[in-house]
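Trainee: Dropping in target-v4.cif, with mmCIF, C-alpha atoms.
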```cif
data_input
loop_
_atom_site.group_PDB
_atom_site.id
_atom_site.type_symbol
_atom_site.label_atom_id
_atom_site.label_comp_id
_atom_site.auth_asym_id
_atom_site.auth_seq_id
_atom_site.Cartn_x
_atom_site.Cartn_y
_atom_site.Cartn_z
ATOM 1 C CA MET A 134 117.135 -131.386 -5.030
ATOM 2 C CA SER A 135 115.888 -128.953 -7.701
ATOM 3 C CA GLU A 136 118.419 -127.153 -9.879
ATOM 4 C CA GLU A 137 118.887 -123.459 -9.123
ATOM 5 C CA ARG A 138 118.114 -121.213 -12.051
ATOM 6 C CA THR A 139 119.575 -117.919 -13.225
ATOM 7 C CA LYS A 140 117.502 -115.062 -11.851
ATOM 8 C CA LEU A 141 117.402 -111.444 -13.021
ATOM 9 C CA GLU A 142 115.663 -108.744 -10.985
ATOM 10 C CA VAL A 143 114.473 -105.652 -12.844
ATOM 11 C CA ILE A 144 113.004 -102.355 -11.630
ATOM 12 C CA ALA A 145 110.850 -100.123 -13.857
ATOM 13 C CA PRO A 146 107.818 -97.798 -13.588
ATOM 14 C CA SER A 147 105.411 -100.689 -14.331
ATOM 15 C CA VAL A 148 105.397 -104.502 -14.291
ATOM 16 C CA GLU A 149 105.050 -104.628 -18.076
ATOM 17 C CA GLU A 150 108.021 -102.299 -18.608
ATOM 18 C CA ALA A 151 110.143 -104.274 -16.140
ATOM 19 C CA ILE A 152 109.416 -107.550 -17.946
ATOM 20 C CA GLU A 153 110.128 -106.003 -21.346
ATOM 21 C CA LYS A 154 113.389 -104.494 -20.131
ATOM 22 C CA GLY A 155 114.528 -107.776 -18.584
ATOM 23 C CA LEU A 156 113.772 -109.732 -21.745
ATOM 24 C CA ASN A 157 115.634 -107.184 -23.856
ATOM 25 C CA ASP A 158 118.650 -107.340 -21.544
ATOM 26 C CA LEU A 159 118.678 -111.141 -21.749
ATOM 27 C CA GLY A 160 117.842 -111.360 -25.429
ATOM 28 C CA LEU A 161 115.056 -113.828 -24.665
ATOM 29 C CA THR A 162 111.286 -114.125 -25.099
ATOM 30 C CA GLU A 163 108.561 -114.643 -22.512
ATOM 31 C CA ASP A 164 108.528 -118.351 -23.387
ATOM 32 C CA ASP A 165 112.115 -118.623 -22.138
ATOM 33 C CA VAL A 166 111.478 -117.336 -18.606
ATOM 34 C CA ASP A 167 109.213 -117.619 -15.610
ATOM 35 C CA VAL A 168 108.128 -114.249 -14.244
ATOM 36 C CA GLU A 169 107.663 -113.506 -10.569
ATOM 37 C CA VAL A 170 106.195 -110.121 -9.629
ATOM 38 C CA LEU A 171 108.025 -109.019 -6.472
ATOM 39 C CA ASP A 172 106.369 -105.592 -6.210
ATOM 40 C CA GLU A 173 103.604 -104.204 -8.447
ATOM 41 C CA GLY A 174 104.584 -100.676 -7.493
ATOM 42 C CA LYS A 175 102.092 -97.961 -6.746
ATOM 43 C CA LYS A 176 100.459 -95.506 -9.081
ATOM 44 C CA GLY A 177 98.167 -92.838 -7.817
ATOM 45 C CA PHE A 178 96.166 -89.760 -8.644
ATOM 46 C CA LEU A 179 97.257 -87.804 -11.753
ATOM 47 C CA GLY A 180 99.459 -90.748 -12.724
ATOM 48 C CA LEU A 181 101.858 -90.210 -9.845
ATOM 49 C CA SER A 182 104.219 -93.149 -9.451
ATOM 50 C CA THR A 183 105.286 -93.337 -5.834
ATOM 51 C CA ARG A 184 106.987 -96.737 -6.015
ATOM 52 C CA GLN A 185 108.451 -98.563 -8.995
ATOM 53 C CA ALA A 186 107.556 -102.122 -9.932
ATOM 54 C CA ARG A 187 110.046 -104.967 -9.372
ATOM 55 C CA VAL A 188 110.014 -108.345 -11.111
ATOM 56 C CA ALA A 189 112.246 -111.416 -11.199
ATOM 57 C CA LEU A 190 112.872 -113.277 -14.462
ATOM 58 C CA MET A 191 113.931 -116.881 -13.885
ATOM 59 C CA ILE A 192 115.426 -118.410 -17.008
ATOM 60 C CA LYS A 193 114.112 -121.805 -18.055
ATOM 61 C CA THR A 194 116.532 -124.572 -19.061
ATOM 62 C CA GLY A 195 115.799 -124.093 -22.740
ATOM 63 C CA GLY A 196 116.167 -120.327 -22.481
ATOM 64 C CA ALA A 197 119.579 -120.599 -20.844
ATOM 65 C CA ALA A 198 120.964 -122.111 -24.037
ATOM 66 C CA ARG A 199 119.818 -119.019 -25.995
ATOM 67 C CA LEU A 200 121.301 -116.350 -23.761
ATOM 68 C CA GLY A 201 123.648 -115.367 -26.597
ATOM 69 C CA THR A 202 125.486 -112.172 -25.747
ATOM 70 C CA ALA A 203 123.618 -111.596 -22.481
ATOM 71 C CA PRO A 204 125.729 -111.316 -19.285
ATOM 72 C CA LYS A 205 127.078 -114.702 -18.185
ATOM 73 C CA VAL A 206 126.053 -115.543 -14.659
ATOM 74 C CA GLU A 207 126.243 -118.621 -12.466
ATOM 75 C CA PRO A 208 122.974 -120.454 -11.741
ATOM 76 C CA GLY A 209 121.244 -119.155 -8.640
ATOM 77 C CA VAL A 210 123.185 -115.865 -8.654
ATOM 78 C CA LYS A 211 121.186 -112.642 -8.902
ATOM 79 C CA VAL A 212 122.289 -110.505 -11.848
ATOM 80 C CA GLU A 213 123.699 -107.147 -10.839
ATOM 81 C CA LYS A 214 121.273 -104.306 -11.433
ATOM 82 C CA PRO A 215 122.280 -101.455 -13.775
ATOM 83 C CA LYS A 216 123.628 -98.343 -12.077
ATOM 84 C CA ALA A 217 120.534 -96.307 -12.970
ATOM 85 C CA GLN A 218 118.317 -98.820 -11.197
ATOM 86 C CA GLU A 219 120.570 -98.843 -8.119
ATOM 87 C CA ALA A 220 120.397 -95.053 -7.971
ATOM 88 C CA ALA A 221 116.596 -95.150 -8.203
ATOM 89 C CA VAL A 222 116.358 -97.615 -5.323
ATOM 90 C CA GLU A 223 118.752 -95.594 -3.162
ATOM 91 C CA SER A 224 116.787 -92.427 -3.920
ATOM 92 C CA ASP A 225 113.497 -94.064 -2.924
ATOM 93 C CA HIS A 226 114.964 -95.035 0.451
ATOM 94 C CA ALA A 227 116.750 -91.720 1.020
ATOM 95 C CA GLU A 228 113.790 -89.399 0.359
ATOM 96 C CA PRO A 229 110.698 -89.528 2.600
ATOM 97 C CA GLU A 230 107.524 -90.646 0.842
ATOM 98 C CA GLU A 231 105.662 -87.376 1.468
ATOM 99 C CA VAL A 232 108.530 -85.329 0.012
ATOM 100 C CA ALA A 233 108.721 -87.450 -3.149
ATOM 101 C CA ILE A 234 104.948 -87.294 -3.667
ATOM 102 C CA ALA A 235 104.811 -83.539 -3.038
ATOM 103 C CA ARG A 236 107.667 -82.939 -5.489
ATOM 104 C CA GLU A 237 105.972 -84.928 -8.248
ATOM 105 C CA THR A 238 102.538 -83.440 -7.531
ATOM 106 C CA ILE A 239 103.593 -79.790 -7.684
ATOM 107 C CA GLY A 240 105.738 -80.557 -10.736
ATOM 108 C CA ILE A 241 102.757 -81.976 -12.626
ATOM 109 C CA ILE A 242 100.477 -79.098 -11.605
ATOM 110 C CA LEU A 243 102.974 -76.439 -12.707
ATOM 111 C CA GLU A 244 103.605 -78.327 -15.947
ATOM 112 C CA LYS A 245 99.853 -78.335 -16.690
ATOM 113 C CA MET A 246 99.846 -74.598 -15.975
ATOM 114 C CA LYS A 247 102.813 -74.200 -18.357
ATOM 115 C CA VAL A 248 104.857 -72.609 -15.580
ATOM 116 C CA GLN A 249 108.632 -72.905 -15.683
ATOM 117 C CA ALA A 250 110.126 -72.692 -12.211
ATOM 118 C CA ASP A 251 112.702 -74.185 -9.872
ATOM 119 C CA ILE A 252 111.144 -76.353 -7.178
ATOM 120 C CA LYS A 253 112.719 -77.286 -3.853
ATOM 121 C CA VAL A 254 110.909 -79.660 -1.491
ATOM 122 C CA ARG A 255 112.048 -80.514 2.028
ATOM 123 C CA LEU A 256 110.816 -81.426 5.481
ATOM 124 C CA GLY A 257 110.511 -78.583 8.000
ATOM 125 C CA ASP A 258 110.948 -78.769 11.741
ATOM 126 C CA GLY A 259 108.225 -80.427 13.780
ATOM 127 C CA GLU A 260 107.440 -77.904 16.501
ATOM 128 C CA GLU A 261 106.167 -79.132 19.862
ATOM 129 C CA ASN A 262 106.081 -82.793 18.797
ATOM 130 C CA ARG A 263 104.034 -81.937 15.716
ATOM 131 C CA VAL A 264 104.400 -83.830 12.425
ATOM 132 C CA GLN A 265 107.177 -82.401 10.255
ATOM 133 C CA PRO A 266 105.599 -80.262 7.523
ATOM 134 C CA VAL A 267 106.505 -80.561 3.853
ATOM 135 C CA LEU A 268 107.845 -77.215 2.625
ATOM 136 C CA ILE A 269 107.732 -76.408 -1.092
ATOM 137 C CA ASP A 270 109.702 -73.402 -2.375
ATOM 138 C CA ILE A 271 108.993 -72.216 -5.929
ATOM 139 C CA GLU A 272 111.448 -69.825 -7.584
ATOM 140 C CA GLY A 273 111.461 -68.297 -11.059
ATOM 141 C CA ASN A 274 111.010 -65.183 -13.139
ATOM 142 C CA ASP A 275 107.902 -63.081 -12.487
ATOM 143 C CA LEU A 276 105.777 -65.643 -10.647
ATOM 144 C CA SER A 277 103.659 -63.066 -8.851
ATOM 145 C CA PHE A 278 100.546 -64.435 -10.612
ATOM 146 C CA LEU A 279 101.025 -67.641 -8.584
ATOM 147 C CA ILE A 280 100.549 -65.572 -5.426
ATOM 148 C CA GLY A 281 97.454 -63.673 -6.520
ATOM 149 C CA ARG A 282 95.356 -61.041 -4.791
ATOM 150 C CA LYS A 283 95.529 -61.455 -1.012
ATOM 151 C CA ALA A 284 97.412 -64.729 -1.604
ATOM 152 C CA GLU A 285 94.279 -66.356 -3.047
ATOM 153 C CA THR A 286 96.160 -68.209 -5.812
ATOM 154 C CA ILE A 287 99.030 -69.515 -3.693
ATOM 155 C CA ASN A 288 96.579 -70.663 -1.021
ATOM 156 C CA ALA A 289 94.463 -72.471 -3.627
ATOM 157 C CA LEU A 290 97.595 -74.093 -5.073
ATOM 158 C CA GLN A 291 98.625 -75.178 -1.589
ATOM 159 C CA TYR A 292 95.155 -76.547 -0.834
ATOM 160 C CA ILE A 293 94.980 -78.650 -4.004
ATOM 161 C CA THR A 294 98.520 -79.967 -3.574
ATOM 162 C CA SER A 295 97.843 -80.826 0.050
ATOM 163 C CA LEU A 296 94.688 -82.773 -0.868
ATOM 164 C CA ILE A 297 96.573 -84.867 -3.420
ATOM 165 C CA VAL A 298 99.534 -85.535 -1.102
ATOM 166 C CA ASP A 299 97.184 -86.562 1.729
ATOM 167 C CA ARG A 300 95.351 -88.917 -0.626
ATOM 168 C CA GLU A 301 98.530 -90.500 -1.960
ATOM 169 C CA CYS A 302 100.121 -90.922 1.482
ATOM 170 C CA GLY A 303 96.896 -92.177 3.044
ATOM 171 C CA ARG A 304 97.300 -89.771 5.960
ATOM 172 C CA TRP A 305 97.304 -86.076 6.800
ATOM 173 C CA VAL A 306 100.542 -84.320 5.851
ATOM 174 C CA PRO A 307 101.039 -80.652 6.832
ATOM 175 C CA LEU A 308 102.220 -78.804 3.736
ATOM 176 C CA GLN A 309 103.168 -75.233 2.870
ATOM 177 C CA ILE A 310 103.953 -73.704 -0.513
ATOM 178 C CA ASP A 311 105.976 -70.506 -0.858
ATOM 179 C CA VAL A 312 106.552 -68.565 -4.070
ATOM 180 C CA GLN A 313 109.597 -66.290 -4.313
ATOM 181 C CA HIS A 314 109.740 -66.056 -0.489
ATOM 182 C CA TYR A 315 106.315 -64.376 -0.339
ATOM 183 C CA ARG A 316 105.294 -66.078 2.900
ATOM 184 C CA GLN A 317 108.499 -65.088 4.678
ATOM 185 C CA ARG A 318 108.063 -61.463 3.598
ATOM 186 C CA ARG A 319 104.430 -61.552 4.672
ATOM 187 C CA GLU A 320 105.362 -63.022 8.055
ATOM 188 C CA ASP A 321 107.897 -60.243 8.616
ATOM 189 C CA GLU A 322 105.246 -57.646 7.746
ATOM 190 C CA LEU A 323 102.726 -59.195 10.158
ATOM 191 C CA ARG A 324 105.239 -59.299 12.998
ATOM 192 C CA LYS A 325 106.022 -55.607 12.474
ATOM 193 C CA LEU A 326 102.286 -54.843 12.336
ATOM 194 C CA ALA A 327 101.703 -56.751 15.586
ATOM 195 C CA ARG A 328 104.391 -54.787 17.422
ATOM 196 C CA ARG A 329 103.109 -51.468 16.054
ATOM 197 C CA ILE A 330 99.509 -52.235 17.084
ATOM 198 C CA ALA A 331 100.696 -53.310 20.537
ATOM 199 C CA ASP A 332 102.479 -49.969 20.974
ATOM 200 C CA GLN A 333 99.284 -48.112 19.998
ATOM 201 C CA VAL A 334 97.227 -50.140 22.468
ATOM 202 C CA VAL A 335 99.672 -49.379 25.286
ATOM 203 C CA SER A 336 99.837 -45.652 24.467
ATOM 204 C CA THR A 337 96.063 -45.159 24.078
ATOM 205 C CA GLY A 338 94.778 -47.742 26.539
ATOM 206 C CA ARG A 339 92.220 -48.830 23.941
ATOM 207 C CA ARG A 340 91.883 -52.129 22.112
ATOM 208 C CA GLN A 341 92.625 -52.405 18.401
ATOM 209 C CA VAL A 342 90.960 -54.748 15.894
ATOM 210 C CA LEU A 343 92.888 -55.948 12.860
ATOM 211 C CA GLU A 344 91.402 -56.707 9.454
ATOM 212 C CA PRO A 345 90.197 -60.290 8.826
ATOM 213 C CA LEU A 346 93.101 -62.700 8.450
ATOM 214 C CA PRO A 347 93.388 -66.416 7.588
ATOM 215 C CA PRO A 348 94.217 -68.794 10.479
ATOM 216 C CA ASN A 349 97.941 -69.075 9.699
ATOM 217 C CA GLU A 350 98.346 -65.277 9.699
ATOM 218 C CA ARG A 351 96.332 -64.807 12.890
ATOM 219 C CA ARG A 352 98.649 -67.326 14.527
ATOM 220 C CA ILE A 353 101.666 -65.182 13.598
ATOM 221 C CA ILE A 354 100.091 -62.181 15.387
ATOM 222 C CA HIS A 355 99.286 -64.254 18.473
ATOM 223 C CA LEU A 356 102.796 -65.721 18.649
ATOM 224 C CA GLU A 357 104.500 -62.373 18.162
ATOM 225 C CA LEU A 358 102.626 -60.797 21.091
ATOM 226 C CA ARG A 359 102.391 -63.890 23.274
ATOM 227 C CA ASP A 360 105.212 -62.780 25.577
ATOM 228 C CA ASN A 361 104.317 -59.079 25.556
ATOM 229 C CA PRO A 362 103.559 -58.188 29.225
ATOM 230 C CA ASN A 363 101.340 -55.243 28.298
ATOM 231 C CA VAL A 364 98.794 -56.666 25.842
ATOM 232 C CA VAL A 365 96.526 -59.678 25.280
ATOM 233 C CA THR A 366 95.363 -61.029 21.901
ATOM 234 C CA GLU A 367 92.276 -63.002 20.978
ATOM 235 C CA SER A 368 90.411 -63.977 17.814
ATOM 236 C CA ILE A 369 86.781 -62.973 17.312
ATOM 237 C CA GLY A 370 84.125 -63.496 14.635
ATOM 238 C CA GLU A 371 83.436 -66.294 12.201
ATOM 239 C CA GLU A 372 85.416 -67.501 9.210
ATOM 240 C CA PRO A 373 86.257 -66.100 6.733
ATOM 241 C CA ASN A 374 85.936 -62.782 8.592
ATOM 242 C CA ARG A 375 87.618 -63.831 11.830
ATOM 243 C CA LYS A 376 89.842 -61.074 13.256
ATOM 244 C CA VAL A 377 92.536 -60.585 15.899
ATOM 245 C CA THR A 378 91.923 -58.047 18.647
ATOM 246 C CA VAL A 379 94.693 -56.607 20.785
ATOM 247 C CA ARG A 380 93.744 -55.112 24.164
ATOM 248 C CA PRO A 381 95.582 -53.890 27.245
ATOM 249 C CA ARG A 382 96.504 -56.575 29.750
ATOM 250 C CA GLU A 383 94.518 -56.148 32.972
#
```
Since I need it in another form, could you write the structure as structure tokens?

Mentor:
Amino acid sequence: MSEERTKLEVIAPSVEEAIEKGLNDLGLTEDDVDVEVLDEGKKGFLGLSTRQARVALMIKTGGAARLGTAPKVEPGVKVEKPKAQEAAVESDHAEPEEVAIARETIGIILEKMKVQADIKVRLGDGEENRVQPVLIDIEGNDLSFLIGRKAETINALQYITSLIVDRECGRWVPLQIDVQHYRQRREDELRKLARRIADQVVSTGRRQVLEPLPPNERRIIHLELRDNPNVVTESIGEEPNRKVTVRPRE
């Protein structure tokens, strides 16, 4: 029967860093251990690291005699991982993959833009059996430039972030970015507009046509008036000039 050997598992951003860290902890060289790569980790677009590498260092007989001040362990027993590594593993399991990737992606983009802001990333509710969307809230001082004229900048930021997250996850992930609660304020404004237009349609008996709106904002109008017994909504035209019309219910 073969003799069991001391085994140390190490987690780090890359295989090379994990090996180096393990050797430093043991006070040994590569000649003193056999290395087994348990997980190469995953690195993606823009250098995003979605999963850390994990290696096992199995100490050779000659290396065991040179452990020096390294932790004393019984042969065949896995060395306890440092607290920081345990926390990293627990965090990886606790946070959904799409949330972790979205957090790192938007962080890198804002860093490249030299924008200082607080970022909160979470999963939203999945309505009507839909996939839960990733919601990114960005807060800070005077970030109106991230919204832009007619929300052009925030929509572009959302589009780019969504592309990267989809690529890294290998699947479509619904994602929405909000800056200083702009989208919530805009939604409130659109709901008020929808009710006001509906009142005008009922009082005049004539249909009203709203200005061109993006799909997500047209949906807000439709949903707000969906249960109104007096009016009907529909979208007309072609993108990007597609509009919502509100007419009396027949």

Trainee: Using all atoms listed in the file for the distances, tell me which of A:Val232, A:Val334, A:Val264, A:Ile280 is nearest to A:Trp305.

Mentor: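 Ranking A:Val232, A:Val334, A:Val264, A:Ile280 by distance to A:Trp305, first place goes to A:Val264.
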
Trainee: Would you please work out which residue, of A:Lys253, A:Arg339, A:Glu320, A:Arg380, is nearest to A:Leu356 when using only C-alpha atoms?

Mentor: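 Ranked by minimum distance to A:Leu356, first place goes to A:Glu320.
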
Trainee: Could you list, as a VMD selection string, every residue within 12 Å of A:Ile369, counting all atoms listed in the file and ignoring same-chain residues fewer than 2 positions away?

Mentor: chain A and resid 342 to 346 348 351 366 to 367 371 to 379

Trainee: Could you jot down the atom CA of A:Leu190 to atom CA of A:Val148 separation for me, Å, one decimal place?

Mentor: 11.5 Å

Trainee: Could you list, as a PyMOL selection string, every residue matched by the PyMOL selection byres ((chain A and resi 335-337) around 12) in this structure?

Mentor: chain A and resi 328-334+338-341+361-365+379-383

Trainee: Can you tell me how far atom CA of A:Glu230 sits from atom CA of A:Leu171, in Å to one decimal?

Mentor: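 Atom-to-atom, atom CA of A:Glu230 and atom CA of A:Leu171 are spaced 19.8 Å apart.
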
Trainee: Around all listed atoms of stretch 333-336 of chain A, padded 3 Å per side, what centre and edge lengths does the axis-aligned box have in Å to one decimal, as AutoDock Vina command-line options?

Mentor:
```
--center_x 98.5 --center_y -47.9 --center_z 22.6 --size_x 8.6 --size_y 10.5 --size_z 11.3
```

Trainee: Find the distance between atom CA of A:Ala289 and atom CA of A:Arg359 and write it in Å to one decimal.

Mentor: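 Computing it gives 29.3 Å between the two atoms.
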
Trainee: Please enumerate the residues selected by the PyMOL selection byres ((chain A and resi 297) around 12) when evaluated against the supplied file, formatted as an mmCIF file with C-alpha atoms, keeping the file's coordinate frame.

Mentor:
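Output file result_36.cif follows:
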```cif
data_model
loop_
_atom_site.group_PDB
_atom_site.id
_atom_site.type_symbol
_atom_site.label_atom_id
_atom_site.label_comp_id
_atom_site.auth_asym_id
_atom_site.auth_seq_id
_atom_site.Cartn_x
_atom_site.Cartn_y
_atom_site.Cartn_z
ATOM 1 C CA GLY A 177 98.167 -92.838 -7.817
ATOM 2 C CA PHE A 178 96.166 -89.760 -8.644
ATOM 3 C CA LEU A 179 97.257 -87.804 -11.753
ATOM 4 C CA GLY A 180 99.459 -90.748 -12.724
ATOM 5 C CA LEU A 181 101.858 -90.210 -9.845
ATOM 6 C CA GLU A 231 105.662 -87.376 1.468
ATOM 7 C CA ILE A 234 104.948 -87.294 -3.667
ATOM 8 C CA ALA A 235 104.811 -83.539 -3.038
ATOM 9 C CA ARG A 236 107.667 -82.939 -5.489
ATOM 10 C CA GLU A 237 105.972 -84.928 -8.248
ATOM 11 C CA THR A 238 102.538 -83.440 -7.531
ATOM 12 C CA ILE A 239 103.593 -79.790 -7.684
ATOM 13 C CA ILE A 241 102.757 -81.976 -12.626
ATOM 14 C CA ILE A 242 100.477 -79.098 -11.605
ATOM 15 C CA LEU A 290 97.595 -74.093 -5.073
ATOM 16 C CA GLN A 291 98.625 -75.178 -1.589
ATOM 17 C CA TYR A 292 95.155 -76.547 -0.834
ATOM 18 C CA ILE A 293 94.980 -78.650 -4.004
ATOM 19 C CA THR A 294 98.520 -79.967 -3.574
ATOM 20 C CA SER A 295 97.843 -80.826 0.050
ATOM 21 C CA LEU A 296 94.688 -82.773 -0.868
ATOM 22 C CA VAL A 298 99.534 -85.535 -1.102
ATOM 23 C CA ASP A 299 97.184 -86.562 1.729
ATOM 24 C CA ARG A 300 95.351 -88.917 -0.626
ATOM 25 C CA GLU A 301 98.530 -90.500 -1.960
ATOM 26 C CA CYS A 302 100.121 -90.922 1.482
ATOM 27 C CA GLY A 303 96.896 -92.177 3.044
ATOM 28 C CA ARG A 304 97.300 -89.771 5.960
ATOM 29 C CA TRP A 305 97.304 -86.076 6.800
ATOM 30 C CA VAL A 306 100.542 -84.320 5.851
ATOM 31 C CA PRO A 307 101.039 -80.652 6.832
ATOM 32 C CA LEU A 308 102.220 -78.804 3.736
#
```

Trainee: Taking the file as I've supplied it (selection: the PyMOL selection byres ((chain A and resi 272) around 12)), which residues are included? Please answer as a PyMOL selection string.

Mentor: chain A and resi 243+248-254+269-271+273-277+279-280+310-315

Trainee: Between A:Leu159, A:Val267, A:Ile192, A:Leu323, which residue has the minimum interatomic distance to A:Thr139, considering all atoms listed in the file?

Mentor: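 Checking each candidate against A:Thr139, we get A:Ile192 as the closest.
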
Trainee: Just stretch 338-355 of chain A from the block, N, CA and C atoms, as a compact mmCIF listing (two decimals), in the first residue's frame, could you?

Mentor:
```txt
# COMPACT_ATOMS: atom_id res chain seq x y z
N GLY A 338 -62.52 62.34 -26.95
CA GLY A 338 -62.96 61.27 -27.85
C GLY A 338 -62.02 61.07 -29.03
N ARG A 339 -60.83 61.65 -28.96
CA ARG A 339 -59.87 61.55 -30.05
C ARG A 339 -58.59 60.87 -29.58
N ARG A 340 -57.95 60.15 -30.47
CA ARG A 340 -56.73 59.43 -30.10
C ARG A 340 -55.57 60.41 -29.95
N GLN A 341 -54.60 60.03 -29.13
CA GLN A 341 -53.40 60.83 -28.91
C GLN A 341 -52.18 59.98 -29.25
N VAL A 342 -51.17 60.61 -29.85
CA VAL A 342 -49.93 59.92 -30.21
C VAL A 342 -48.78 60.52 -29.41
N LEU A 343 -48.06 59.68 -28.70
CA LEU A 343 -46.93 60.14 -27.91
C LEU A 343 -45.69 60.26 -28.77
N GLU A 344 -44.67 60.93 -28.25
CA GLU A 344 -43.40 61.05 -28.96
C GLU A 344 -42.73 59.67 -29.00
N PRO A 345 -41.79 59.46 -29.93
CA PRO A 345 -41.09 58.17 -30.00
C PRO A 345 -40.43 57.82 -28.67
N LEU A 346 -40.58 56.57 -28.28
CA LEU A 346 -40.02 56.09 -27.02
C LEU A 346 -39.30 54.75 -27.25
N PRO A 347 -38.28 54.46 -26.44
CA PRO A 347 -37.62 53.15 -26.55
C PRO A 347 -38.56 52.05 -26.04
N PRO A 348 -38.30 50.80 -26.38
CA PRO A 348 -39.20 49.70 -26.01
C PRO A 348 -39.55 49.61 -24.53
N ASN A 349 -38.56 49.80 -23.66
CA ASN A 349 -38.82 49.67 -22.22
C ASN A 349 -39.76 50.77 -21.72
N GLU A 350 -39.70 51.96 -22.34
CA GLU A 350 -40.58 53.05 -21.90
C GLU A 350 -41.97 52.91 -22.51
N ARG A 351 -42.05 52.38 -23.72
CA ARG A 351 -43.38 52.10 -24.29
C ARG A 351 -44.11 51.06 -23.44
N ARG A 352 -43.37 50.09 -22.96
CA ARG A 352 -43.97 49.04 -22.13
C ARG A 352 -44.58 49.62 -20.86
N ILE A 353 -43.92 50.63 -20.28
CA ILE A 353 -44.46 51.27 -19.07
C ILE A 353 -45.81 51.91 -19.37
N ILE A 354 -45.93 52.59 -20.52
CA ILE A 354 -47.21 53.20 -20.92
C ILE A 354 -48.29 52.13 -21.08
N HIS A 355 -47.94 51.07 -21.81
CA HIS A 355 -48.92 49.99 -22.04
C HIS A 355 -49.39 49.37 -20.72
```
